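Source file: entry-v7.csv (CSV, C-alpha atoms)
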```csv
chain,number,residue,atom,x,y,z
A,263,MET,CA,-12.8,17.0,2.7
A,264,HIS,CA,-10.1,18.0,0.2
A,265,GLU,CA,-11.7,21.2,-0.9
A,266,LEU,CA,-11.7,22.7,2.6
A,267,GLY,CA,-8.0,22.0,3.1
A,268,VAL,CA,-7.0,23.7,-0.2
A,269,THR,CA,-9.4,26.6,0.6
A,270,PHE,CA,-7.3,27.3,3.7
A,271,TYR,CA,-4.2,27.3,1.6
A,272,VAL,CA,-5.6,29.8,-0.9
A,273,ILE,CA,-6.8,32.0,2.0
A,274,LYS,CA,-3.5,31.9,3.7
A,275,ASP,CA,-1.6,33.0,0.5
A,276,VAL,CA,-4.1,35.7,-0.5
A,277,LYS,CA,-4.1,37.1,3.1
A,278,LYS,CA,-0.4,37.4,3.0
A,279,ILE,CA,-0.4,39.1,-0.4
A,280,ALA,CA,-3.1,41.5,0.6
A,281,GLU,CA,-1.2,42.4,3.8
A,282,ASP,CA,2.1,42.8,2.0
A,283,ASN,CA,0.4,45.2,-0.5
A,284,ASN,CA,-1.5,47.2,2.2
A,285,VAL,CA,-4.8,46.7,0.6
A,286,TYR,CA,-8.1,47.6,2.2
A,287,LYS,CA,-10.2,44.6,1.0
A,288,VAL,CA,-9.8,41.8,-1.4
A,289,ASP,CA,-12.5,42.0,-4.0
A,290,SER,CA,-11.9,38.8,-6.0
A,291,VAL,CA,-9.5,35.9,-6.3
A,292,THR,CA,-8.9,34.2,-9.6
A,293,LEU,CA,-7.7,30.6,-9.5
A,294,GLU,CA,-6.4,28.5,-12.4
A,295,ILE,CA,-7.5,24.9,-11.8
A,296,GLY,CA,-6.5,22.0,-14.1
A,297,GLN,CA,-9.3,19.9,-15.4
A,298,VAL,CA,-7.9,16.8,-13.8
A,299,SER,CA,-6.6,18.3,-10.6
A,300,GLY,CA,-9.4,16.6,-8.7
A,301,VAL,CA,-10.9,19.8,-7.3
A,302,ILE,CA,-14.7,20.1,-7.4
A,303,HIS,CA,-15.5,23.7,-8.2
A,304,GLU,CA,-18.9,23.8,-6.5
A,305,GLN,CA,-17.5,22.4,-3.3
A,306,LEU,CA,-14.6,24.8,-3.4
A,307,GLN,CA,-17.1,27.7,-3.8
A,308,ASP,CA,-19.1,26.4,-0.7
A,309,CYS,CA,-15.9,26.1,1.4
A,310,TRP,CA,-14.8,29.5,0.2
A,311,LYS,CA,-18.0,31.2,1.3
A,312,TRP,CA,-17.8,29.7,4.7
A,313,ALA,CA,-14.1,30.2,5.3
A,314,ILE,CA,-13.7,33.8,4.2
A,315,LYS,CA,-16.2,35.0,6.8
A,316,LYS,CA,-13.4,34.5,9.4
A,317,GLU,CA,-11.0,36.8,7.5
A,318,PRO,CA,-12.0,40.5,7.6
A,319,ILE,CA,-9.6,41.5,4.8
A,320,MET,CA,-11.4,39.2,2.4
A,321,ASP,CA,-14.8,38.5,3.9
A,322,CYS,CA,-16.6,39.6,0.7
A,323,ALA,CA,-14.1,38.3,-1.8
A,324,LYS,CA,-15.6,36.5,-4.8
A,325,LEU,CA,-13.9,33.3,-6.0
A,326,LEU,CA,-13.4,33.1,-9.8
A,327,ILE,CA,-12.2,29.9,-11.4
A,328,GLU,CA,-10.6,29.5,-14.8
A,329,GLU,CA,-10.3,25.9,-15.9
A,330,ILE,CA,-7.2,24.7,-17.7
A,331,PRO,CA,-7.9,21.8,-20.0
A,332,ALA,CA,-6.0,18.6,-19.5
A,333,VAL,CA,-3.6,17.7,-22.4
A,334,THR,CA,-1.6,14.4,-22.7
A,335,PHE,CA,1.5,13.9,-24.8
A,336,CYS,CA,2.3,10.6,-26.4
A,337,GLU,CA,6.0,9.7,-26.3
A,338,ASN,CA,5.5,7.0,-29.0
A,339,CYS,CA,3.8,9.1,-31.8
A,340,LYS,CA,4.8,12.6,-30.4
A,341,LYS,CA,1.2,13.8,-30.7
A,342,THR,CA,-1.0,15.4,-28.0
A,343,TYR,CA,-4.6,14.7,-27.3
A,344,ALA,CA,-7.3,15.8,-24.8
A,345,THR,CA,-6.9,13.7,-21.7
A,346,VAL,CA,-10.6,13.7,-21.0
A,347,PRO,CA,-12.2,11.4,-22.0
A,348,GLN,CA,-9.3,9.3,-23.6
A,349,GLY,CA,-7.2,8.8,-20.5
A,350,LYS,CA,-3.8,7.2,-20.5
A,351,ILE,CA,-4.0,5.3,-23.8
A,352,CYS,CA,-3.1,7.4,-26.9
A,353,PRO,CA,-6.1,7.6,-29.4
A,354,HIS,CA,-3.7,8.1,-32.3
A,355,CYS,CA,-1.4,5.0,-31.9
A,356,GLY,CA,-2.7,3.1,-28.9
A,357,SER,CA,0.5,3.5,-26.8
A,358,ASP,CA,0.4,3.9,-23.0
A,359,ARG,CA,3.7,5.8,-22.9
A,360,THR,CA,2.0,9.0,-22.3
A,361,TYR,CA,2.1,11.8,-19.8
A,362,LEU,CA,0.1,14.8,-18.8
A,363,THR,CA,1.5,18.1,-20.0
A,364,GLN,CA,-1.1,20.3,-18.5
A,365,GLY,CA,-4.4,20.0,-16.5
A,366,ASN,CA,-3.1,19.3,-13.0
A,367,GLU,CA,-2.6,23.0,-12.0
A,368,PHE,CA,-3.9,24.7,-8.9
A,369,ASN,CA,-2.6,28.2,-9.1
A,370,ILE,CA,-3.6,31.6,-7.8
A,371,LYS,CA,-3.6,33.7,-11.0
A,372,GLU,CA,-4.5,37.1,-9.7
A,373,ILE,CA,-6.4,39.0,-7.0
A,374,GLU,CA,-8.4,42.1,-7.4
A,375,VAL,CA,-8.2,44.5,-4.4
A,376,LEU,CA,-9.6,47.7,-3.2
A,377,ASP,CA,-7.1,50.2,-1.7
A,378,GLN,CA,-9.8,52.1,0.3
A,379,PRO,CA,-13.5,51.8,1.1
A,380,HIS,CA,-14.6,53.9,-1.8
A,381,GLU,CA,-13.7,57.1,-3.5
A,382,VAL,CA,-15.9,60.2,-3.9
A,383,ILE,CA,-14.8,62.3,-6.9
A,384,LEU,CA,-16.1,65.8,-6.9
A,385,SER,CA,-17.5,66.6,-10.3
A,386,GLU,CA,-15.7,69.4,-12.2
A,387,GLU,CA,-18.9,71.3,-12.8
B,8,MET,CA,-25.7,49.0,0.3
B,9,THR,CA,-22.8,47.4,2.2
B,10,GLU,CA,-19.4,46.9,0.8
B,11,CYS,CA,-20.1,43.2,0.7
B,12,ASN,CA,-23.1,43.4,-1.5
B,13,MET,CA,-21.5,45.6,-4.1
B,14,ARG,CA,-20.5,43.0,-6.6
B,15,ARG,CA,-18.5,43.6,-9.7
B,16,ASP,CA,-21.4,43.3,-12.1
B,17,GLU,CA,-23.5,45.6,-10.0
B,18,ARG,CA,-20.8,48.2,-9.9
B,19,VAL,CA,-20.8,48.6,-13.6
B,20,GLU,CA,-24.4,49.7,-13.5
B,21,THR,CA,-24.2,51.7,-10.3
B,22,PRO,CA,-26.0,54.9,-11.2
B,23,VAL,CA,-24.1,58.1,-11.0
B,24,ALA,CA,-25.0,59.7,-7.7
B,25,GLU,CA,-27.3,62.7,-7.9
B,26,GLY,CA,-25.8,66.2,-7.7
B,27,SER,CA,-22.2,66.9,-8.0
B,28,THR,CA,-20.7,63.7,-6.8
B,29,ASN,CA,-19.8,60.6,-8.7
B,30,GLU,CA,-19.1,57.6,-6.5
B,31,THR,CA,-16.7,55.1,-7.9
B,32,ARG,CA,-14.6,52.3,-6.6
B,33,LYS,CA,-11.1,51.7,-7.7
B,34,VAL,CA,-10.1,48.1,-8.2
B,35,ARG,CA,-6.4,47.2,-8.6
B,36,VAL,CA,-5.3,43.8,-10.0
B,37,ILE,CA,-2.3,42.1,-8.3
B,38,GLU,CA,-0.9,39.3,-10.5
B,39,VAL,CA,0.1,36.3,-8.4
B,40,LYS,CA,0.7,33.4,-10.8
B,41,GLU,CA,1.8,31.0,-8.2
B,42,SER,CA,0.9,27.4,-7.3
B,43,VAL,CA,-1.2,27.2,-4.1
B,44,PHE,CA,1.2,24.4,-3.0
B,45,HIS,CA,4.3,26.6,-3.7
B,46,GLN,CA,4.7,27.8,-0.1
B,47,ASN,CA,4.3,24.3,1.3
B,48,ASP,CA,6.9,23.0,-1.1
B,49,VAL,CA,9.3,25.6,0.1
B,50,GLU,CA,8.6,24.8,3.8
B,51,ALA,CA,8.9,21.0,3.0
B,52,GLU,CA,12.3,21.5,1.3
B,53,ALA,CA,13.6,23.5,4.3
B,54,LEU,CA,12.4,20.9,6.8
B,55,ARG,CA,14.0,18.1,4.8
B,56,ALA,CA,17.3,19.9,4.7
B,57,GLU,CA,17.1,20.6,8.5
B,58,LEU,CA,16.5,16.9,9.2
B,59,SER,CA,19.3,15.7,6.9
B,60,GLN,CA,21.7,18.1,8.6
B,61,LYS,CA,20.7,16.5,12.0
B,62,GLY,CA,21.2,13.1,10.6
B,63,VAL,CA,17.5,12.2,10.9
B,64,PHE,CA,15.6,10.3,8.2
B,65,MET,CA,11.8,10.9,8.0
B,66,MET,CA,9.4,8.5,6.4
B,67,ASN,CA,5.9,9.5,5.6
B,68,VAL,CA,3.4,6.6,5.7
B,69,MET,CA,0.0,6.9,3.9
B,70,SER,CA,-2.9,4.7,3.2
B,71,SER,CA,-6.7,4.4,3.4
B,72,PRO,CA,-8.3,4.2,6.9
B,73,GLY,CA,-8.2,0.6,8.1
B,74,SER,CA,-5.5,-0.7,5.8
B,75,GLY,CA,-3.4,-1.8,8.8
B,76,LYS,CA,-0.9,1.0,9.0
B,77,THR,CA,-0.5,1.0,12.7
B,78,THR,CA,-0.1,-2.8,12.9
B,79,ALA,CA,2.3,-2.9,10.1
B,80,LEU,CA,4.4,-0.1,11.5
B,81,CYS,CA,4.5,-1.8,14.9
B,82,ALA,CA,5.9,-4.9,13.3
B,83,LEU,CA,8.4,-2.9,11.3
B,84,VAL,CA,9.6,-0.9,14.3
B,85,ASN,CA,10.1,-4.0,16.3
B,86,ARG,CA,12.4,-5.3,13.6
B,87,LEU,CA,14.4,-2.1,13.3
B,88,LYS,CA,14.5,-0.8,16.9
B,89,GLU,CA,17.7,-2.7,17.8
B,90,HIS,CA,19.6,-1.1,14.9
B,91,LEU,CA,18.0,2.4,14.8
B,92,ARG,CA,16.8,5.0,17.2
B,93,ILE,CA,13.1,5.4,16.1
B,94,GLY,CA,10.3,7.8,16.9
B,95,VAL,CA,6.7,7.5,15.6
B,96,MET,CA,4.4,10.5,15.1
B,97,ASP,CA,0.8,9.5,14.6
B,98,VAL,CA,-1.6,11.9,12.9
B,99,ASP,CA,-5.3,11.5,13.5
B,100,ILE,CA,-8.4,13.7,13.8
B,101,GLU,CA,-9.3,12.4,17.2
B,102,THR,CA,-8.1,10.1,20.0
B,103,SER,CA,-4.6,9.0,21.0
B,104,LEU,CA,-5.3,5.4,20.2
B,105,ASP,CA,-2.6,5.0,17.6
B,106,ALA,CA,0.2,6.6,19.5
B,107,SER,CA,-0.5,4.6,22.7
B,108,CYS,CA,-0.8,1.5,20.6
B,109,VAL,CA,2.6,2.0,19.0
B,110,ALA,CA,4.2,2.9,22.3
B,111,GLU,CA,2.7,-0.2,24.0
B,112,ALA,CA,3.6,-2.6,21.2
B,113,THR,CA,7.2,-1.3,20.5
B,114,GLY,CA,8.3,0.8,23.4
B,115,VAL,CA,9.7,3.5,21.2
B,116,LYS,CA,9.1,7.2,21.6
B,117,SER,CA,5.7,8.2,20.1
B,118,LEU,CA,3.6,11.3,19.7
B,119,GLN,CA,0.0,11.7,18.8
B,120,ILE,CA,-0.8,14.7,16.6
B,121,HIS,CA,-4.4,16.0,16.4
B,122,ASN,CA,-4.6,18.0,13.2
B,123,GLY,CA,-7.9,19.7,14.0
B,124,GLY,CA,-10.1,17.8,11.5
B,125,LEU,CA,-8.2,18.5,8.4
B,126,CYS,CA,-7.8,15.9,5.7
B,127,HIS,CA,-4.0,15.9,5.6
B,128,ILE,CA,-0.8,17.2,7.4
B,129,ASP,CA,1.4,19.7,5.6
B,130,ALA,CA,5.0,20.7,6.0
B,131,GLU,CA,4.4,23.5,8.5
B,132,MET,CA,2.3,21.3,10.8
B,133,THR,CA,5.0,18.6,10.5
B,134,LYS,CA,7.7,21.1,11.4
B,135,ARG,CA,5.8,22.1,14.5
B,136,ALA,CA,5.3,18.4,15.5
B,137,ILE,CA,9.0,17.7,14.9
B,138,ASP,CA,10.0,20.6,17.1
B,139,ALA,CA,7.6,19.5,19.9
B,140,PHE,CA,8.7,15.9,19.5
B,141,GLY,CA,12.4,16.5,19.6
B,142,VAL,CA,14.3,14.4,17.1
B,143,GLU,CA,18.0,15.1,17.9
B,144,ASP,CA,18.3,11.7,19.5
B,145,LEU,CA,16.7,9.8,16.6
B,146,ASP,CA,17.8,8.1,13.4
B,147,LEU,CA,14.4,7.5,11.9
B,148,VAL,CA,11.1,9.4,12.4
B,149,ILE,CA,8.0,7.7,11.1
B,150,LEU,CA,5.1,10.0,10.3
B,151,GLU,CA,1.9,8.0,10.2
B,152,ASN,CA,-0.3,10.3,8.1
B,153,ILE,CA,-4.1,10.6,8.2
B,154,GLY,CA,-5.8,7.6,6.6
B,155,ASN,CA,-6.8,9.1,3.3
B,156,LEU,CA,-5.7,8.5,-0.3
B,157,VAL,CA,-6.5,11.9,-1.7
B,158,CYS,CA,-5.2,14.9,0.2
B,159,PRO,CA,-2.0,13.7,1.8
B,160,ALA,CA,-0.7,12.9,-1.7
B,161,GLU,CA,-0.9,16.7,-2.6
B,162,PHE,CA,1.2,17.9,0.4
B,163,ASP,CA,4.9,17.3,0.7
B,164,THR,CA,5.5,16.9,4.4
B,165,GLY,CA,9.3,17.3,4.2
B,166,SER,CA,9.9,13.6,4.5
B,167,HIS,CA,12.8,11.8,2.7
B,168,MET,CA,10.6,8.9,1.6
B,169,SER,CA,6.9,8.2,1.1
B,170,MET,CA,5.5,4.8,1.6
B,171,MET,CA,1.9,3.7,1.1
B,172,LEU,CA,0.0,0.6,2.1
B,173,LEU,CA,-2.6,-1.0,-0.1
B,174,SER,CA,-4.3,-3.8,1.7
B,175,VAL,CA,-5.7,-6.8,-0.1
B,176,PRO,CA,-9.4,-6.3,1.0
B,177,GLU,CA,-9.3,-2.8,-0.7
B,178,GLY,CA,-9.0,-4.3,-4.1
B,179,ASP,CA,-6.4,-4.4,-6.9
B,180,ASP,CA,-8.2,-1.5,-8.7
B,181,LYS,CA,-7.3,1.1,-6.0
B,182,PRO,CA,-4.4,2.5,-8.1
B,183,LEU,CA,-6.8,3.3,-10.9
B,184,LYS,CA,-9.1,5.2,-8.5
B,185,TYR,CA,-6.4,7.2,-6.6
B,186,PRO,CA,-3.7,7.7,-9.3
B,187,LEU,CA,-1.9,10.6,-7.6
B,188,MET,CA,-1.2,8.8,-4.3
B,189,PHE,CA,0.3,5.8,-6.3
B,190,SER,CA,2.3,8.2,-8.4
B,191,VAL,CA,4.0,10.1,-5.5
B,192,CYS,CA,5.2,7.2,-3.3
B,193,ASP,CA,8.7,5.6,-3.5
B,194,LEU,CA,7.5,2.4,-1.8
B,195,ILE,CA,4.2,0.7,-2.2
B,196,VAL,CA,3.5,-2.1,0.2
B,197,ILE,CA,0.7,-4.5,-0.5
B,198,SER,CA,-0.5,-5.6,3.0
B,199,LYS,CA,-2.6,-8.3,4.6
B,200,ILE,CA,-1.5,-10.8,2.0
B,201,ASP,CA,-2.5,-13.6,4.4
B,202,THR,CA,-6.1,-12.8,3.3
B,203,LEU,CA,-5.4,-13.3,-0.5
B,204,GLU,CA,-7.4,-16.5,-0.6
B,205,PHE,CA,-10.6,-14.7,0.6
B,206,PHE,CA,-10.6,-11.9,-1.8
B,207,ASP,CA,-10.6,-11.5,-5.6
B,208,PHE,CA,-7.3,-9.6,-5.5
B,209,SER,CA,-4.8,-10.3,-8.2
B,210,LEU,CA,-1.2,-9.4,-7.3
B,211,GLU,CA,-0.4,-9.2,-11.0
B,212,LYS,CA,-3.2,-6.8,-11.7
B,213,ALA,CA,-2.3,-4.6,-8.8
B,214,THR,CA,1.3,-4.5,-9.7
B,215,ALA,CA,0.5,-3.7,-13.4
B,216,ASN,CA,-1.9,-0.9,-12.3
B,217,ILE,CA,0.8,0.5,-10.0
B,218,ARG,CA,3.6,0.2,-12.6
B,219,ALA,CA,1.5,2.1,-15.2
B,220,LEU,CA,1.4,5.1,-12.9
B,221,ASN,CA,4.8,4.8,-11.2
B,222,PRO,CA,7.3,2.7,-13.1
B,223,ASN,CA,10.1,3.4,-10.5
B,224,ALA,CA,8.2,2.5,-7.3
B,225,THR,CA,9.4,-0.4,-5.2
B,226,ILE,CA,6.6,-2.8,-4.6
B,227,LEU,CA,6.7,-5.2,-1.6
B,228,THR,CA,4.1,-7.6,-0.1
B,229,ILE,CA,3.7,-8.2,3.6
B,230,SER,CA,1.5,-9.7,6.2
B,231,ALA,CA,2.1,-8.0,9.6
B,232,LYS,CA,0.0,-10.8,11.2
B,233,THR,CA,2.1,-13.8,9.9
B,234,GLY,CA,5.3,-11.8,9.5
B,235,GLU,CA,5.6,-12.7,5.8
B,236,GLY,CA,7.7,-10.2,3.9
B,237,MET,CA,8.4,-8.1,7.0
B,238,ASP,CA,12.1,-8.8,6.9
B,239,VAL,CA,12.4,-7.6,3.3
B,240,LEU,CA,10.5,-4.4,4.2
B,241,ALA,CA,12.7,-3.8,7.2
B,242,ASP,CA,15.9,-4.3,5.1
B,243,TYR,CA,14.6,-1.9,2.5
B,244,VAL,CA,13.8,0.8,5.1
B,245,MET,CA,17.2,0.2,6.8
B,246,LYS,CA,19.0,0.7,3.5
B,247,ARG,CA,17.2,3.9,2.8
B,248,VAL,CA,17.9,5.3,6.3
B,249,LYS,CA,21.6,4.4,6.0
B,250,GLY,CA,21.6,6.2,2.6
```

Would you put the structure from the file into structure tokens?
Amino acid sequence: MHELGVTFYVIKDVKKIAEDNNVYKVDSVTLEIGQVSGVIHEQLQDCWKWAIKKEPIMDCAKLLIEEIPAVTFCENCKKTYATVPQGKICPHCGSDRTYLTQGNEFNIKEIEVLDQPHEVILSEE
Amino acid sequence: MTECNMRRDERVETPVAEGSTNETRKVRVIEVKESVFHQNDVEAEALRAELSQKGVFMMNVMSSPGSGKTTALCALVNRLKEHLRIGVMDVDIETSLDASCVAEATGVKSLQIHNGGLCHIDAEMTKRAIDAFGVEDLDLVILENIGNLVCPAEFDTGSHMSMMLLSVPEGDDKPLKYPLMFSVCDLIVISKIDTLEFFDFSLEKATANIRALNPNATILTISAKTGEGMDVLADYVMKRVKG
């Protein structure tokens, strides 16, 4: 299953970042996933919940997903269009000389971390 | 409440503790902005450079399960083994069938890699396999990837060339269903062409579908069973290895 493989990749990267930054726990991980990257969000969430249990530094981390819309550029008429649902054929001029400009991403955007378990602030009163 | 159960939305509404304490949690944001595949790409580039320096050419072979990878590779290796020192690394989830099959049919050095049930092999795993295999005495290393058209396409293994097999029984519309795989390969081999008369497979359609995705790919046709097209394939690989 593709989602499980990429989940391990995300976990490996996040774990390294967390350790390099001396964090206590990872609170959330935000991914940017292209609309046509082929990753199914629900399956990724299921894999995530299962896989993070093995990693104490991120065993409660929430997975947040931001989708990047797929955009295709037409070399013939120099216009762009939404890849889904048109596909490879340009809806403006009918050309197939088109290529994807965005929508295939699979990035870790940011992670939210806790530096210590919690903080108790004594009130000034 | 455990750490785990304290979710972001709940935290906002966490009531101020009674008395003189106010319990808060400080969350810090670390910007990453990096592709998940970035690290693999770095490792793949390093492995490619290391192999080139040793004079070893690595070829990554991908396809669906059952497309005839092992049979085609045995036929290819038998045509090349007099001219090149070859090693074959077979990746599978279970069994050593493929590696022993290749060893028996060709007599070249082979290694079975079990990748622990994952859907692909990445650069780091390939590097470990290469180190265990020992490639100093080889000209060509063939990496027979997991039978899968989705995941192996995403992961650069550090090879110098990617070849994929599309067998006639799979259908000429396969490129439409698995576009990434057909986009990333240098060489696409249509296999089992001895079965063309039994299937509604159009070579023209398949070629057009592949060309639409990957205009620069080399497309060859073979039958490992009858030997048709095998010499052309062997010549192509030979040329790539010799640079």

Check: What separation in Å, quoted to one decimal, exists between CA of Phe208 in chain B and CA of Val98 in chain B?
Finding: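 According to the coordinates, CA of Phe208 in chain B and CA of Val98 in chain B are separated by 28.9 Å.
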
Next item on the list: May I ask for the distance between CA of Asn216 in chain B and CA of Leu203 in chain B, given in Å to one decimal place?
Entry: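 Interatomic distance here is 17.5 Å.
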
Do you know which residues are at most 7 Å from range 82-92 of chain B counting only C-alpha atoms, after dropping those on the same chain fewer than 2 positions away, and could you put them as a JSON list (two decimals) with C-alpha atoms, in the frame of the given file?
```
[["chain", "number", "residue", "atom", "x", "y", "z"],
["B", 78, "THR", "CA", -0.10, -2.80, 12.90],
["B", 79, "ALA", "CA", 2.30, -2.90, 10.10],
["B", 80, "LEU", "CA", 4.40, -0.10, 11.50],
["B", 113, "THR", "CA", 7.20, -1.30, 20.50],
["B", 145, "LEU", "CA", 16.70, 9.80, 16.60],
["B", 146, "ASP", "CA", 17.80, 8.10, 13.40],
["B", 147, "LEU", "CA", 14.40, 7.50, 11.90],
["B", 231, "ALA", "CA", 2.10, -8.00, 9.60],
["B", 237, "MET", "CA", 8.40, -8.10, 7.00],
["B", 241, "ALA", "CA", 12.70, -3.80, 7.20]]
```

Check: CA of Ala332 in chain A and CA of Ala344 in chain A, how far apart in Å?
Finding: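 Interatomic distance, CA of Ala344 in chain A to CA of Ala332 in chain A: 6.1 Å.
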
Next item on the list: Tell me, as a ChimeraX atom specification, which residues lie within 9 Å of Thr334 in chain A, counting only C-alpha atoms; anything in the same chain fewer than 4 positions away does not count.
Entry: /A:341-345,349-350,352,360-365

Notebook entry, point to check: Looking at A:Asp377, A:Glu265, A:Glu294, A:Glu372, which one is nearest to chain B, with distances taken over all atoms listed in the file?
Noted result: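 So, comparing all the options, the nearest one is A:Glu372.
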
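Considering the residues B:Phe140, B:Tyr243, B:Phe206, B:Phe189 and counting all atoms listed in the file, Pro222 in chain B has its shortest atom-to-atom contact with B:Phe189.
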
Item checked: Neighbours of chain B in chain A at 10 Å, counting all atoms listed in the file, as a PyMOL selection string -> chain A and resi 263-276+279-280+283+285+287-295+299-300+320-324+350+358-361+367-387

For those residues, write C-alpha atoms to a file as a tab-separated table (two decimals), keeping the file's coordinate frame.
```tsv
chain	number	residue	atom	x	y	z
A	263	MET	CA	-12.80	17.00	2.70
A	264	HIS	CA	-10.10	18.00	0.20
A	265	GLU	CA	-11.70	21.20	-0.90
A	266	LEU	CA	-11.70	22.70	2.60
A	267	GLY	CA	-8.00	22.00	3.10
A	268	VAL	CA	-7.00	23.70	-0.20
A	269	THR	CA	-9.40	26.60	0.60
A	270	PHE	CA	-7.30	27.30	3.70
A	271	TYR	CA	-4.20	27.30	1.60
A	272	VAL	CA	-5.60	29.80	-0.90
A	273	ILE	CA	-6.80	32.00	2.00
A	274	LYS	CA	-3.50	31.90	3.70
A	275	ASP	CA	-1.60	33.00	0.50
A	276	VAL	CA	-4.10	35.70	-0.50
A	279	ILE	CA	-0.40	39.10	-0.40
A	280	ALA	CA	-3.10	41.50	0.60
A	283	ASN	CA	0.40	45.20	-0.50
A	285	VAL	CA	-4.80	46.70	0.60
A	287	LYS	CA	-10.20	44.60	1.00
A	288	VAL	CA	-9.80	41.80	-1.40
A	289	ASP	CA	-12.50	42.00	-4.00
A	290	SER	CA	-11.90	38.80	-6.00
A	291	VAL	CA	-9.50	35.90	-6.30
A	292	THR	CA	-8.90	34.20	-9.60
A	293	LEU	CA	-7.70	30.60	-9.50
A	294	GLU	CA	-6.40	28.50	-12.40
A	295	ILE	CA	-7.50	24.90	-11.80
A	299	SER	CA	-6.60	18.30	-10.60
A	300	GLY	CA	-9.40	16.60	-8.70
A	320	MET	CA	-11.40	39.20	2.40
A	321	ASP	CA	-14.80	38.50	3.90
A	322	CYS	CA	-16.60	39.60	0.70
A	323	ALA	CA	-14.10	38.30	-1.80
A	324	LYS	CA	-15.60	36.50	-4.80
A	350	LYS	CA	-3.80	7.20	-20.50
A	358	ASP	CA	0.40	3.90	-23.00
A	359	ARG	CA	3.70	5.80	-22.90
A	360	THR	CA	2.00	9.00	-22.30
A	361	TYR	CA	2.10	11.80	-19.80
A	367	GLU	CA	-2.60	23.00	-12.00
A	368	PHE	CA	-3.90	24.70	-8.90
A	369	ASN	CA	-2.60	28.20	-9.10
A	370	ILE	CA	-3.60	31.60	-7.80
A	371	LYS	CA	-3.60	33.70	-11.00
A	372	GLU	CA	-4.50	37.10	-9.70
A	373	ILE	CA	-6.40	39.00	-7.00
A	374	GLU	CA	-8.40	42.10	-7.40
A	375	VAL	CA	-8.20	44.50	-4.40
A	376	LEU	CA	-9.60	47.70	-3.20
A	377	ASP	CA	-7.10	50.20	-1.70
A	378	GLN	CA	-9.80	52.10	0.30
A	379	PRO	CA	-13.50	51.80	1.10
A	380	HIS	CA	-14.60	53.90	-1.80
A	381	GLU	CA	-13.70	57.10	-3.50
A	382	VAL	CA	-15.90	60.20	-3.90
A	383	ILE	CA	-14.80	62.30	-6.90
A	384	LEU	CA	-16.10	65.80	-6.90
A	385	SER	CA	-17.50	66.60	-10.30
A	386	GLU	CA	-15.70	69.40	-12.20
A	387	GLU	CA	-18.90	71.30	-12.80
```

Check: Any idea what's packed within 12 Å of Ala53 in chain B, counting all atoms listed in the file, ignoring anything in its chain fewer than 3 positions away? Could you give it as a VMD selection string?
Finding: chain B and resid 46 to 50 56 to 60 130 to 131 133 to 134 163 to 167

Next item on the list: Would you please work out which residue, of B:Lys61, B:Arg247, B:Lys116, B:Lys76, is nearest to Ser174 in chain B when using all atoms listed in the file?
Entry: B:Lys76

Next item on the list: Have a look at B:Cys192, B:Ala51, B:Ile197, B:Cys81 and name the one nearest to Leu210 in chain B; count only C-alpha atoms.
Entry: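 Closest candidate: B:Ile197.
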
Write out as a CSV table (one decimal) with C-alpha atoms, in the coordinates of the input the residues lying within 10 Å of Pro176 in chain B, counting all atoms listed in the file and excluding same-chain residues fewer than 4 positions away.
```csv
chain,number,residue,atom,x,y,z
B,73,GLY,CA,-8.2,0.6,8.1
B,74,SER,CA,-5.5,-0.7,5.8
B,198,SER,CA,-0.5,-5.6,3.0
B,199,LYS,CA,-2.6,-8.3,4.6
B,200,ILE,CA,-1.5,-10.8,2.0
B,202,THR,CA,-6.1,-12.8,3.3
B,203,LEU,CA,-5.4,-13.3,-0.5
B,205,PHE,CA,-10.6,-14.7,0.6
B,206,PHE,CA,-10.6,-11.9,-1.8
B,207,ASP,CA,-10.6,-11.5,-5.6
B,208,PHE,CA,-7.3,-9.6,-5.5
```
